[in-house]
>>> print(open('entry-v7.txt').read())   # compact mmCIF, N, CA and C atoms
# COMPACT_ATOMS: atom_id res chain seq x y z
N MET Y 174 25.62 -43.89 70.14
CA MET Y 174 26.59 -44.60 69.34
C MET Y 174 26.89 -43.81 68.07
N TYR Y 175 28.10 -43.98 67.58
CA TYR Y 175 28.54 -43.42 66.31
C TYR Y 175 28.63 -44.57 65.31
N TYR Y 176 28.51 -44.24 64.02
CA TYR Y 176 28.42 -45.28 63.00
C TYR Y 176 29.28 -44.95 61.78
N SER Y 177 29.98 -45.96 61.29
CA SER Y 177 30.77 -45.80 60.08
C SER Y 177 30.64 -47.05 59.22
N TYR Y 178 30.94 -46.87 57.95
CA TYR Y 178 30.96 -47.97 56.99
C TYR Y 178 32.33 -47.94 56.34
N VAL Y 179 32.99 -49.10 56.29
CA VAL Y 179 34.38 -49.12 55.84
C VAL Y 179 34.55 -50.09 54.68
N MET Y 180 35.18 -49.59 53.64
CA MET Y 180 35.50 -50.42 52.48
C MET Y 180 37.02 -50.46 52.33
N GLY Y 181 37.52 -51.59 51.87
CA GLY Y 181 38.92 -51.67 51.49
C GLY Y 181 39.93 -51.71 52.62
N THR Y 182 39.52 -52.12 53.81
CA THR Y 182 40.50 -52.25 54.89
C THR Y 182 40.74 -53.72 55.16
N ASP Y 183 41.85 -54.02 55.79
CA ASP Y 183 42.15 -55.41 56.11
C ASP Y 183 41.46 -55.80 57.42
N ASN Y 184 41.64 -57.05 57.80
CA ASN Y 184 40.93 -57.52 58.99
C ASN Y 184 41.54 -57.03 60.31
N SER Y 185 42.55 -56.17 60.26
CA SER Y 185 43.06 -55.58 61.51
C SER Y 185 41.99 -54.73 62.19
N ILE Y 186 40.97 -54.36 61.44
CA ILE Y 186 39.86 -53.61 62.02
C ILE Y 186 39.18 -54.40 63.13
N LEU Y 187 39.23 -55.72 63.03
CA LEU Y 187 38.59 -56.56 64.04
C LEU Y 187 39.24 -56.43 65.41
N ASP Y 188 40.49 -55.97 65.45
CA ASP Y 188 41.17 -55.75 66.73
C ASP Y 188 40.47 -54.68 67.58
N LEU Y 189 39.71 -53.81 66.92
CA LEU Y 189 39.00 -52.76 67.66
C LEU Y 189 37.88 -53.31 68.52
N LYS Y 190 37.45 -54.53 68.25
CA LYS Y 190 36.40 -55.14 69.08
C LYS Y 190 36.83 -55.19 70.55
N LYS Y 191 38.11 -55.39 70.77
CA LYS Y 191 38.65 -55.47 72.14
C LYS Y 191 38.49 -54.14 72.88
N GLN Y 192 38.28 -53.06 72.11
CA GLN Y 192 38.15 -51.73 72.72
C GLN Y 192 36.70 -51.25 72.75
N GLY Y 193 35.76 -52.16 72.52
CA GLY Y 193 34.35 -51.81 72.64
C GLY Y 193 33.66 -51.45 71.34
N PHE Y 194 34.31 -51.64 70.21
CA PHE Y 194 33.70 -51.39 68.92
C PHE Y 194 32.85 -52.59 68.52
N VAL Y 195 31.74 -52.32 67.84
CA VAL Y 195 30.91 -53.38 67.27
C VAL Y 195 31.20 -53.37 65.78
N ILE Y 196 31.75 -54.46 65.28
CA ILE Y 196 32.18 -54.54 63.89
C ILE Y 196 31.57 -55.79 63.27
N ASN Y 197 30.90 -55.60 62.14
CA ASN Y 197 30.28 -56.71 61.43
C ASN Y 197 30.70 -56.68 59.98
N ASN Y 198 30.88 -57.87 59.43
CA ASN Y 198 31.16 -57.97 58.00
C ASN Y 198 29.92 -57.63 57.21
N ASP Y 199 30.13 -56.95 56.11
CA ASP Y 199 29.07 -56.66 55.14
C ASP Y 199 29.68 -56.98 53.78
N GLY Y 200 29.67 -58.26 53.41
CA GLY Y 200 30.41 -58.69 52.22
C GLY Y 200 31.89 -58.55 52.51
N GLU Y 201 32.59 -57.80 51.66
CA GLU Y 201 34.02 -57.55 51.88
C GLU Y 201 34.26 -56.27 52.67
N ASN Y 202 33.19 -55.63 53.12
CA ASN Y 202 33.27 -54.37 53.85
C ASN Y 202 32.86 -54.59 55.30
N TYR Y 203 32.84 -53.51 56.07
CA TYR Y 203 32.51 -53.60 57.49
C TYR Y 203 31.57 -52.49 57.91
N THR Y 204 30.62 -52.84 58.78
CA THR Y 204 29.84 -51.84 59.49
C THR Y 204 30.47 -51.70 60.87
N VAL Y 205 30.53 -50.47 61.33
CA VAL Y 205 31.22 -50.20 62.60
C VAL Y 205 30.35 -49.27 63.44
N SER Y 206 30.22 -49.60 64.71
CA SER Y 206 29.58 -48.67 65.63
C SER Y 206 30.44 -48.62 66.90
N PHE Y 207 30.41 -47.45 67.53
CA PHE Y 207 31.27 -47.25 68.69
C PHE Y 207 30.71 -46.11 69.53
N PRO Y 208 31.00 -46.12 70.83
CA PRO Y 208 30.55 -45.03 71.69
C PRO Y 208 31.34 -43.75 71.40
N ASP Y 209 30.75 -42.63 71.73
CA ASP Y 209 31.38 -41.33 71.41
C ASP Y 209 32.76 -41.17 72.02
N ASP Y 210 33.02 -41.81 73.15
CA ASP Y 210 34.35 -41.66 73.75
C ASP Y 210 35.43 -42.44 73.01
N LYS Y 211 35.05 -43.17 71.98
CA LYS Y 211 36.03 -43.91 71.16
C LYS Y 211 36.27 -43.24 69.81
N ALA Y 212 35.73 -42.04 69.61
CA ALA Y 212 35.89 -41.35 68.32
C ALA Y 212 37.37 -41.12 67.99
N SER Y 213 38.17 -40.74 68.96
CA SER Y 213 39.58 -40.50 68.67
C SER Y 213 40.31 -41.79 68.30
N VAL Y 214 39.91 -42.90 68.90
CA VAL Y 214 40.49 -44.20 68.54
C VAL Y 214 40.12 -44.53 67.10
N TRP Y 215 38.85 -44.30 66.75
CA TRP Y 215 38.41 -44.56 65.38
C TRP Y 215 39.18 -43.70 64.38
N GLU Y 216 39.29 -42.42 64.67
CA GLU Y 216 39.98 -41.52 63.75
C GLU Y 216 41.44 -41.91 63.57
N ALA Y 217 42.10 -42.31 64.64
CA ALA Y 217 43.49 -42.75 64.53
C ALA Y 217 43.60 -44.01 63.67
N PHE Y 218 42.69 -44.95 63.88
CA PHE Y 218 42.72 -46.18 63.09
C PHE Y 218 42.45 -45.90 61.62
N ILE Y 219 41.38 -45.19 61.35
CA ILE Y 219 40.96 -45.05 59.95
C ILE Y 219 41.93 -44.16 59.17
N THR Y 220 42.48 -43.14 59.79
CA THR Y 220 43.43 -42.30 59.05
C THR Y 220 44.71 -43.07 58.74
N LYS Y 221 45.06 -44.01 59.58
CA LYS Y 221 46.23 -44.85 59.33
C LYS Y 221 45.99 -45.77 58.12
N HIS Y 222 44.73 -46.14 57.89
CA HIS Y 222 44.39 -47.11 56.85
C HIS Y 222 43.84 -46.48 55.56
N LEU Y 223 43.57 -45.19 55.58
CA LEU Y 223 43.04 -44.53 54.38
C LEU Y 223 44.15 -44.31 53.36
N GLU Y 224 43.89 -44.71 52.14
CA GLU Y 224 44.83 -44.43 51.07
C GLU Y 224 44.61 -43.00 50.57
N ILE Y 225 45.62 -42.42 49.97
CA ILE Y 225 45.48 -41.08 49.39
C ILE Y 225 44.39 -41.11 48.33
N GLY Y 226 43.52 -40.11 48.38
CA GLY Y 226 42.43 -40.00 47.43
C GLY Y 226 41.14 -40.65 47.90
N TYR Y 227 41.11 -41.07 49.16
CA TYR Y 227 39.90 -41.71 49.71
C TYR Y 227 39.48 -40.97 50.97
N TRP Y 228 38.26 -41.27 51.39
CA TRP Y 228 37.77 -40.69 52.63
C TRP Y 228 36.95 -41.71 53.38
N ASN Y 229 36.70 -41.40 54.64
CA ASN Y 229 35.78 -42.14 55.48
C ASN Y 229 34.97 -41.11 56.23
N GLU Y 230 33.77 -41.49 56.56
CA GLU Y 230 32.93 -40.62 57.36
C GLU Y 230 32.28 -41.45 58.45
N TYR Y 231 31.86 -40.77 59.49
CA TYR Y 231 31.07 -41.46 60.50
C TYR Y 231 29.98 -40.53 61.01
N LEU Y 232 28.83 -41.15 61.27
CA LEU Y 232 27.68 -40.42 61.80
C LEU Y 232 27.90 -40.27 63.29
N ALA Y 233 27.86 -39.03 63.75
CA ALA Y 233 28.19 -38.73 65.14
C ALA Y 233 27.13 -37.82 65.74
N GLY Y 234 26.00 -38.41 66.09
CA GLY Y 234 24.94 -37.61 66.69
C GLY Y 234 24.37 -36.63 65.69
N ASP Y 235 24.56 -35.33 65.95
CA ASP Y 235 23.98 -34.29 65.10
C ASP Y 235 24.90 -33.84 63.97
N LYS Y 236 25.97 -34.60 63.74
CA LYS Y 236 26.92 -34.21 62.69
C LYS Y 236 27.45 -35.46 62.00
N VAL Y 237 28.12 -35.21 60.87
CA VAL Y 237 28.86 -36.25 60.19
C VAL Y 237 30.31 -35.78 60.15
N VAL Y 238 31.21 -36.63 60.58
CA VAL Y 238 32.63 -36.30 60.55
C VAL Y 238 33.24 -36.97 59.32
N PHE Y 239 33.85 -36.15 58.47
CA PHE Y 239 34.51 -36.64 57.26
C PHE Y 239 36.02 -36.53 57.46
N LEU Y 240 36.72 -37.59 57.09
CA LEU Y 240 38.18 -37.62 57.12
C LEU Y 240 38.66 -37.95 55.72
N PHE Y 241 39.33 -37.00 55.09
CA PHE Y 241 39.84 -37.16 53.72
C PHE Y 241 41.35 -37.33 53.79
N HIS Y 242 41.87 -38.27 53.01
CA HIS Y 242 43.32 -38.40 52.88
C HIS Y 242 43.69 -37.81 51.53
N LEU Y 243 44.20 -36.61 51.56
CA LEU Y 243 44.57 -35.88 50.35
C LEU Y 243 46.09 -35.89 50.20
N GLU Y 244 46.55 -35.41 49.09
CA GLU Y 244 48.00 -35.38 48.82
C GLU Y 244 48.77 -34.68 49.94
N ASP Y 245 48.18 -33.65 50.52
CA ASP Y 245 48.87 -32.89 51.57
C ASP Y 245 48.52 -33.35 52.98
N GLY Y 246 47.90 -34.53 53.11
CA GLY Y 246 47.61 -35.08 54.43
C GLY Y 246 46.13 -35.28 54.69
N ILE Y 247 45.81 -35.48 55.94
CA ILE Y 247 44.43 -35.73 56.37
C ILE Y 247 43.73 -34.40 56.61
N LYS Y 248 42.52 -34.28 56.05
CA LYS Y 248 41.67 -33.12 56.35
C LYS Y 248 40.42 -33.63 57.05
N ARG Y 249 40.06 -33.00 58.14
CA ARG Y 249 38.91 -33.40 58.95
C ARG Y 249 37.86 -32.31 58.91
N PHE Y 250 36.62 -32.71 58.72
CA PHE Y 250 35.50 -31.77 58.70
C PHE Y 250 34.37 -32.30 59.56
N GLU Y 251 33.74 -31.42 60.30
CA GLU Y 251 32.50 -31.73 60.99
C GLU Y 251 31.38 -31.05 60.21
N VAL Y 252 30.43 -31.84 59.74
CA VAL Y 252 29.37 -31.33 58.89
C VAL Y 252 28.04 -31.43 59.63
N TYR Y 253 27.36 -30.30 59.73
CA TYR Y 253 26.05 -30.24 60.38
C TYR Y 253 24.98 -30.05 59.32
N ASP Y 254 23.83 -30.66 59.52
CA ASP Y 254 22.71 -30.56 58.59
C ASP Y 254 23.07 -31.03 57.18
N PHE Y 255 24.09 -31.86 57.07
CA PHE Y 255 24.51 -32.47 55.80
C PHE Y 255 24.90 -31.44 54.74
N GLU Y 256 25.30 -30.25 55.19
CA GLU Y 256 25.64 -29.21 54.23
C GLU Y 256 27.03 -28.64 54.51
N ASN Y 257 27.89 -28.78 53.52
CA ASN Y 257 29.21 -28.18 53.56
C ASN Y 257 29.73 -28.20 52.13
N ALA Y 258 29.86 -27.04 51.53
CA ALA Y 258 30.24 -26.94 50.12
C ALA Y 258 31.62 -27.55 49.84
N GLU Y 259 32.57 -27.35 50.75
CA GLU Y 259 33.91 -27.89 50.53
C GLU Y 259 33.91 -29.41 50.58
N VAL Y 260 33.20 -29.99 51.54
CA VAL Y 260 33.10 -31.45 51.64
C VAL Y 260 32.38 -32.01 50.42
N HIS Y 261 31.29 -31.37 50.03
CA HIS Y 261 30.54 -31.80 48.85
C HIS Y 261 31.45 -31.83 47.62
N ALA Y 262 32.20 -30.78 47.43
CA ALA Y 262 33.11 -30.69 46.27
C ALA Y 262 34.21 -31.76 46.35
N LEU Y 263 34.76 -31.99 47.54
CA LEU Y 263 35.79 -33.02 47.69
C LEU Y 263 35.23 -34.41 47.36
N CYS Y 264 34.04 -34.71 47.84
CA CYS Y 264 33.42 -36.01 47.55
C CYS Y 264 33.21 -36.17 46.05
N GLU Y 265 32.69 -35.14 45.41
CA GLU Y 265 32.48 -35.22 43.95
C GLU Y 265 33.79 -35.40 43.21
N ARG Y 266 34.80 -34.67 43.61
CA ARG Y 266 36.09 -34.77 42.94
C ARG Y 266 36.72 -36.15 43.12
N LEU Y 267 36.69 -36.67 44.34
CA LEU Y 267 37.34 -37.95 44.61
C LEU Y 267 36.58 -39.14 44.02
N CYS Y 268 35.28 -39.06 43.99
CA CYS Y 268 34.54 -40.19 43.42
C CYS Y 268 34.26 -39.99 41.93
N GLU Y 269 34.67 -38.82 41.42
CA GLU Y 269 34.49 -38.49 40.00
C GLU Y 269 33.05 -38.68 39.55
N CYS Y 270 32.14 -38.13 40.35
CA CYS Y 270 30.72 -38.21 40.03
C CYS Y 270 30.00 -37.00 40.61
N LYS Y 271 28.79 -36.80 40.17
CA LYS Y 271 27.94 -35.71 40.66
C LYS Y 271 27.12 -36.22 41.83
N ILE Y 272 27.08 -35.46 42.90
CA ILE Y 272 26.33 -35.84 44.10
C ILE Y 272 25.25 -34.79 44.33
N ASP Y 273 24.01 -35.24 44.46
CA ASP Y 273 22.91 -34.30 44.71
C ASP Y 273 23.08 -33.60 46.05
N SER Y 274 23.36 -34.37 47.08
CA SER Y 274 23.57 -33.81 48.41
C SER Y 274 24.37 -34.82 49.23
N LEU Y 275 24.97 -34.37 50.29
CA LEU Y 275 25.72 -35.28 51.16
C LEU Y 275 24.78 -36.30 51.79
N LYS Y 276 23.59 -35.86 52.18
CA LYS Y 276 22.64 -36.80 52.79
C LYS Y 276 22.24 -37.87 51.79
N SER Y 277 21.93 -37.49 50.56
CA SER Y 277 21.53 -38.50 49.57
C SER Y 277 22.69 -39.45 49.28
N MET Y 278 23.91 -38.94 49.26
CA MET Y 278 25.07 -39.80 49.04
C MET Y 278 25.17 -40.82 50.17
N LEU Y 279 25.03 -40.38 51.41
CA LEU Y 279 25.11 -41.29 52.54
C LEU Y 279 23.97 -42.31 52.52
N CYS Y 280 22.78 -41.87 52.15
CA CYS Y 280 21.62 -42.77 52.13
C CYS Y 280 21.69 -43.80 51.01
N GLU Y 281 22.60 -43.63 50.07
CA GLU Y 281 22.79 -44.66 49.05
C GLU Y 281 23.40 -45.92 49.67
N ASN Y 282 24.02 -45.77 50.82
CA ASN Y 282 24.58 -46.90 51.56
C ASN Y 282 23.48 -47.46 52.46
N HIS Y 283 23.18 -48.74 52.31
CA HIS Y 283 22.08 -49.35 53.07
C HIS Y 283 22.26 -49.23 54.59
N TYR Y 284 23.48 -49.26 55.07
CA TYR Y 284 23.75 -49.16 56.50
C TYR Y 284 23.38 -47.77 57.02
N TYR Y 285 23.88 -46.74 56.35
CA TYR Y 285 23.57 -45.37 56.75
C TYR Y 285 22.08 -45.06 56.57
N LYS Y 286 21.52 -45.54 55.49
CA LYS Y 286 20.09 -45.27 55.22
C LYS Y 286 19.23 -45.75 56.38
N LYS Y 287 19.53 -46.95 56.87
CA LYS Y 287 18.78 -47.51 57.98
C LYS Y 287 18.90 -46.63 59.23
N ILE Y 288 20.07 -46.12 59.48
CA ILE Y 288 20.34 -45.28 60.66
C ILE Y 288 19.69 -43.91 60.51
N LEU Y 289 19.76 -43.33 59.32
CA LEU Y 289 19.25 -41.98 59.10
C LEU Y 289 17.73 -41.91 59.00
N GLU Y 290 17.10 -43.02 58.74
CA GLU Y 290 15.63 -42.99 58.61
C GLU Y 290 14.95 -43.01 59.96
>>> encode(input="entry-v7.txt", output="structure tokens")
Amino acid sequence: MYYSYVMGTDNSILDLKKQGFVINNDGENYTVSFPDDKASVWEAFITKHLEIGYWNEYLAGDKVVFLFHLEDGIKRFEVYDFENAEVHALCERLCECKIDSLKSMLCENHYYKKILE
């Protein structure tokens, strides 16, 4: 299974349940899990709903896939071993904060922390 955490989307995300996604409310946010063959469906949905200046990521086996919505469009990165200088810099720039590492940033989220441990 692949895993994502989503903030700031409307309840249209619940329509993905019909396609085999497991979606649960987490306050005003959502935890999402889906089989690997649904990754393209997830990417199409989330890129449609990402506002400029935001990103979403999902844990995908041995990598983390980051999707950034930048002024010039969507940028997609596959990150292995939680290390990618460009992704790290983009996350710091967009959240306007210093990040020790991509893994520590992800583990600050209780959903990801549980999965990564």
>>> closest_residue(input="entry-v7.txt", among="Y:Val205, Y:Leu289, Y:Ile247, Y:Met278", to="Y:His261", atoms="only C-alpha atoms")
Y:Met278
>>> select_by_dssp(input="entry-v7.txt", residues="chain Y", states="helix (DSSP H, G or I)", output="number ranges by chain")
Y: 184-192, 209-222, 258-268, 275-280, 283-289
>>> select_by_dssp(input="entry-v7.txt", residues="stretch 184-269 of chain Y", states="strand (DSSP E or B)", output="PyMOL selection string")
chain Y and resi 195-199+202-207+227-233+236-243+246-253
>>> write_last_selection(input="entry-v7.txt", atoms="N, CA and C atoms", output="JSON list (two decimals), keeping the file's coordinate frame")
[["chain", "number", "residue", "atom", "x", "y", "z"],
["Y", 195, "VAL", "N", 31.74, -52.32, 67.84],
["Y", 195, "VAL", "CA", 30.91, -53.38, 67.27],
["Y", 195, "VAL", "C", 31.20, -53.37, 65.78],
["Y", 196, "ILE", "N", 31.75, -54.46, 65.28],
["Y", 196, "ILE", "CA", 32.18, -54.54, 63.89],
["Y", 196, "ILE", "C", 31.57, -55.79, 63.27],
["Y", 197, "ASN", "N", 30.90, -55.60, 62.14],
["Y", 197, "ASN", "CA", 30.28, -56.71, 61.43],
["Y", 197, "ASN", "C", 30.70, -56.68, 59.98],
["Y", 198, "ASN", "N", 30.88, -57.87, 59.43],
["Y", 198, "ASN", "CA", 31.16, -57.97, 58.00],
["Y", 198, "ASN", "C", 29.92, -57.63, 57.21],
["Y", 199, "ASP", "N", 30.13, -56.95, 56.11],
["Y", 199, "ASP", "CA", 29.07, -56.66, 55.14],
["Y", 199, "ASP", "C", 29.68, -56.98, 53.78],
["Y", 202, "ASN", "N", 33.19, -55.63, 53.12],
["Y", 202, "ASN", "CA", 33.27, -54.37, 53.85],
["Y", 202, "ASN", "C", 32.86, -54.59, 55.30],
["Y", 203, "TYR", "N", 32.84, -53.51, 56.07],
["Y", 203, "TYR", "CA", 32.51, -53.60, 57.49],
["Y", 203, "TYR", "C", 31.57, -52.49, 57.91],
["Y", 204, "THR", "N", 30.62, -52.84, 58.78],
["Y", 204, "THR", "CA", 29.84, -51.84, 59.49],
["Y", 204, "THR", "C", 30.47, -51.70, 60.87],
["Y", 205, "VAL", "N", 30.53, -50.47, 61.33],
["Y", 205, "VAL", "CA", 31.22, -50.20, 62.60],
["Y", 205, "VAL", "C", 30.35, -49.27, 63.44],
["Y", 206, "SER", "N", 30.22, -49.60, 64.71],
["Y", 206, "SER", "CA", 29.58, -48.67, 65.63],
["Y", 206, "SER", "C", 30.44, -48.62, 66.90],
["Y", 207, "PHE", "N", 30.41, -47.45, 67.53],
["Y", 207, "PHE", "CA", 31.27, -47.25, 68.69],
["Y", 207, "PHE", "C", 30.71, -46.11, 69.53],
["Y", 227, "TYR", "N", 41.11, -41.07, 49.16],
["Y", 227, "TYR", "CA", 39.90, -41.71, 49.71],
["Y", 227, "TYR", "C", 39.48, -40.97, 50.97],
["Y", 228, "TRP", "N", 38.26, -41.27, 51.39],
["Y", 228, "TRP", "CA", 37.77, -40.69, 52.63],
["Y", 228, "TRP", "C", 36.95, -41.71, 53.38],
["Y", 229, "ASN", "N", 36.70, -41.40, 54.64],
["Y", 229, "ASN", "CA", 35.78, -42.14, 55.48],
["Y", 229, "ASN", "C", 34.97, -41.11, 56.23],
["Y", 230, "GLU", "N", 33.77, -41.49, 56.56],
["Y", 230, "GLU", "CA", 32.93, -40.62, 57.36],
["Y", 230, "GLU", "C", 32.28, -41.45, 58.45],
["Y", 231, "TYR", "N", 31.86, -40.77, 59.49],
["Y", 231, "TYR", "CA", 31.07, -41.46, 60.50],
["Y", 231, "TYR", "C", 29.98, -40.53, 61.01],
["Y", 232, "LEU", "N", 28.83, -41.15, 61.27],
["Y", 232, "LEU", "CA", 27.68, -40.42, 61.80],
["Y", 232, "LEU", "C", 27.90, -40.27, 63.29],
["Y", 233, "ALA", "N", 27.86, -39.03, 63.75],
["Y", 233, "ALA", "CA", 28.19, -38.73, 65.14],
["Y", 233, "ALA", "C", 27.13, -37.82, 65.74],
["Y", 236, "LYS", "N", 25.97, -34.60, 63.74],
["Y", 236, "LYS", "CA", 26.92, -34.21, 62.69],
["Y", 236, "LYS", "C", 27.45, -35.46, 62.00],
["Y", 237, "VAL", "N", 28.12, -35.21, 60.87],
["Y", 237, "VAL", "CA", 28.86, -36.25, 60.19],
["Y", 237, "VAL", "C", 30.31, -35.78, 60.15],
["Y", 238, "VAL", "N", 31.21, -36.63, 60.58],
["Y", 238, "VAL", "CA", 32.63, -36.30, 60.55],
["Y", 238, "VAL", "C", 33.24, -36.97, 59.32],
["Y", 239, "PHE", "N", 33.85, -36.15, 58.47],
["Y", 239, "PHE", "CA", 34.51, -36.64, 57.26],
["Y", 239, "PHE", "C", 36.02, -36.53, 57.46],
["Y", 240, "LEU", "N", 36.72, -37.59, 57.09],
["Y", 240, "LEU", "CA", 38.18, -37.62, 57.12],
["Y", 240, "LEU", "C", 38.66, -37.95, 55.72],
["Y", 241, "PHE", "N", 39.33, -37.00, 55.09],
["Y", 241, "PHE", "CA", 39.84, -37.16, 53.72],
["Y", 241, "PHE", "C", 41.35, -37.33, 53.79],
["Y", 242, "HIS", "N", 41.87, -38.27, 53.01],
["Y", 242, "HIS", "CA", 43.32, -38.40, 52.88],
["Y", 242, "HIS", "C", 43.69, -37.81, 51.53],
["Y", 243, "LEU", "N", 44.20, -36.61, 51.56],
["Y", 243, "LEU", "CA", 44.57, -35.88, 50.35],
["Y", 243, "LEU", "C", 46.09, -35.89, 50.20],
["Y", 246, "GLY", "N", 47.90, -34.53, 53.11],
["Y", 246, "GLY", "CA", 47.61, -35.08, 54.43],
["Y", 246, "GLY", "C", 46.13, -35.28, 54.69],
["Y", 247, "ILE", "N", 45.81, -35.48, 55.94],
["Y", 247, "ILE", "CA", 44.43, -35.73, 56.37],
["Y", 247, "ILE", "C", 43.73, -34.40, 56.61],
["Y", 248, "LYS", "N", 42.52, -34.28, 56.05],
["Y", 248, "LYS", "CA", 41.67, -33.12, 56.35],
["Y", 248, "LYS", "C", 40.42, -33.63, 57.05],
["Y", 249, "ARG", "N", 40.06, -33.00, 58.14],
["Y", 249, "ARG", "CA", 38.91, -33.40, 58.95],
["Y", 249, "ARG", "C", 37.86, -32.31, 58.91],
["Y", 250, "PHE", "N", 36.62, -32.71, 58.72],
["Y", 250, "PHE", "CA", 35.50, -31.77, 58.70],
["Y", 250, "PHE", "C", 34.37, -32.30, 59.56],
["Y", 251, "GLU", "N", 33.74, -31.42, 60.30],
["Y", 251, "GLU", "CA", 32.50, -31.73, 60.99],
["Y", 251, "GLU", "C", 31.38, -31.05, 60.21],
["Y", 252, "VAL", "N", 30.43, -31.84, 59.74],
["Y", 252, "VAL", "CA", 29.37, -31.33, 58.89],
["Y", 252, "VAL", "C", 28.04, -31.43, 59.63],
["Y", 253, "TYR", "N", 27.36, -30.30, 59.73],
["Y", 253, "TYR", "CA", 26.05, -30.24, 60.38],
["Y", 253, "TYR", "C", 24.98, -30.05, 59.32]]
>>> closest_residue(input="entry-v7.txt", among="Y:Glu201, Y:Asp210, Y:Glu230, Y:Asp273", to="Y:Glu251", atoms="only C-alpha atoms")
Y:Glu230
>>> atom_distance(input="entry-v7.txt", atom1="atom CA of Y:Tyr176", atom2="atom N of Y:Asp245")
26.1 Å
>>> residues_around(input="entry-v7.txt", residues="Y:Trp215", least_positions_apart="3", cutoff="10 Å", atoms="only C-alpha atoms", output="PyMOL selection string")
chain Y and resi 175+177+186+189+194+205-207+209-212+218-221+231
>>> closest_residue(input="entry-v7.txt", among="Y:Asp235, Y:Glu269, Y:Lys190, Y:Asn229", to="Y:Phe255", atoms="only N, CA and C atoms")
Y:Asp235
>>> atom_distance(input="entry-v7.txt", atom1="atom CA of Y:Glu224", atom2="atom CA of Y:Val260")
17.5 Å
>>> residues_around(input="entry-v7.txt", residues="Y:Phe250", least_positions_apart="5", cutoff="9 Å", atoms="only C-alpha atoms", output="ChimeraX atom specification")
/Y:237-241,257,260
>>> write_last_selection(input="entry-v7.txt", atoms="N, CA and C atoms", output="tab-separated table (two decimals), in the frame of the given file")
chain	number	residue	atom	x	y	z
Y	237	VAL	N	28.12	-35.21	60.87
Y	237	VAL	CA	28.86	-36.25	60.19
Y	237	VAL	C	30.31	-35.78	60.15
Y	238	VAL	N	31.21	-36.63	60.58
Y	238	VAL	CA	32.63	-36.30	60.55
Y	238	VAL	C	33.24	-36.97	59.32
Y	239	PHE	N	33.85	-36.15	58.47
Y	239	PHE	CA	34.51	-36.64	57.26
Y	239	PHE	C	36.02	-36.53	57.46
Y	240	LEU	N	36.72	-37.59	57.09
Y	240	LEU	CA	38.18	-37.62	57.12
Y	240	LEU	C	38.66	-37.95	55.72
Y	241	PHE	N	39.33	-37.00	55.09
Y	241	PHE	CA	39.84	-37.16	53.72
Y	241	PHE	C	41.35	-37.33	53.79
Y	257	ASN	N	27.89	-28.78	53.52
Y	257	ASN	CA	29.21	-28.18	53.56
Y	257	ASN	C	29.73	-28.20	52.13
Y	260	VAL	N	33.20	-29.99	51.54
Y	260	VAL	CA	33.10	-31.45	51.64
Y	260	VAL	C	32.38	-32.01	50.42
>>> closest_residue(input="entry-v7.txt", among="Y:Ile225, Y:Ala217, Y:Cys264, Y:Val179", to="Y:Tyr203", atoms="only C-alpha atoms")
Y:Val179
>>> atom_distance(input="entry-v7.txt", atom1="atom CA of Y:Asn198", atom2="atom CA of Y:Lys287")
16.2 Å
>>> axis_aligned_box(input="entry-v7.txt", around="stretch 236-250 of chain Y", padding_each_side="6 Å", output="lines of an AutoDock Vina configuration file")
center_x = 37.4
center_y = -35.1
center_z = 56.3
size_x = 34.9
size_y = 18.6
size_z = 26.9
>>> residues_around(input="entry-v7.txt", residues="Y:Gly226", least_positions_apart="3", cutoff="7 Å", atoms="only C-alpha atoms", output="PyMOL selection string")
chain Y and resi 242-243+267
>>> closest_residue(input="entry-v7.txt", among="Y:Leu232, Y:Ile288, Y:Met174, Y:Leu275", to="Y:Glu256", atoms="only N, CA and C atoms")
Y:Leu275
>>> closest_residue(input="entry-v7.txt", among="Y:Ser277, Y:Lys286, Y:Tyr178, Y:Asp183", to="Y:His222", atoms="only N, CA and C atoms")
Y:Asp183
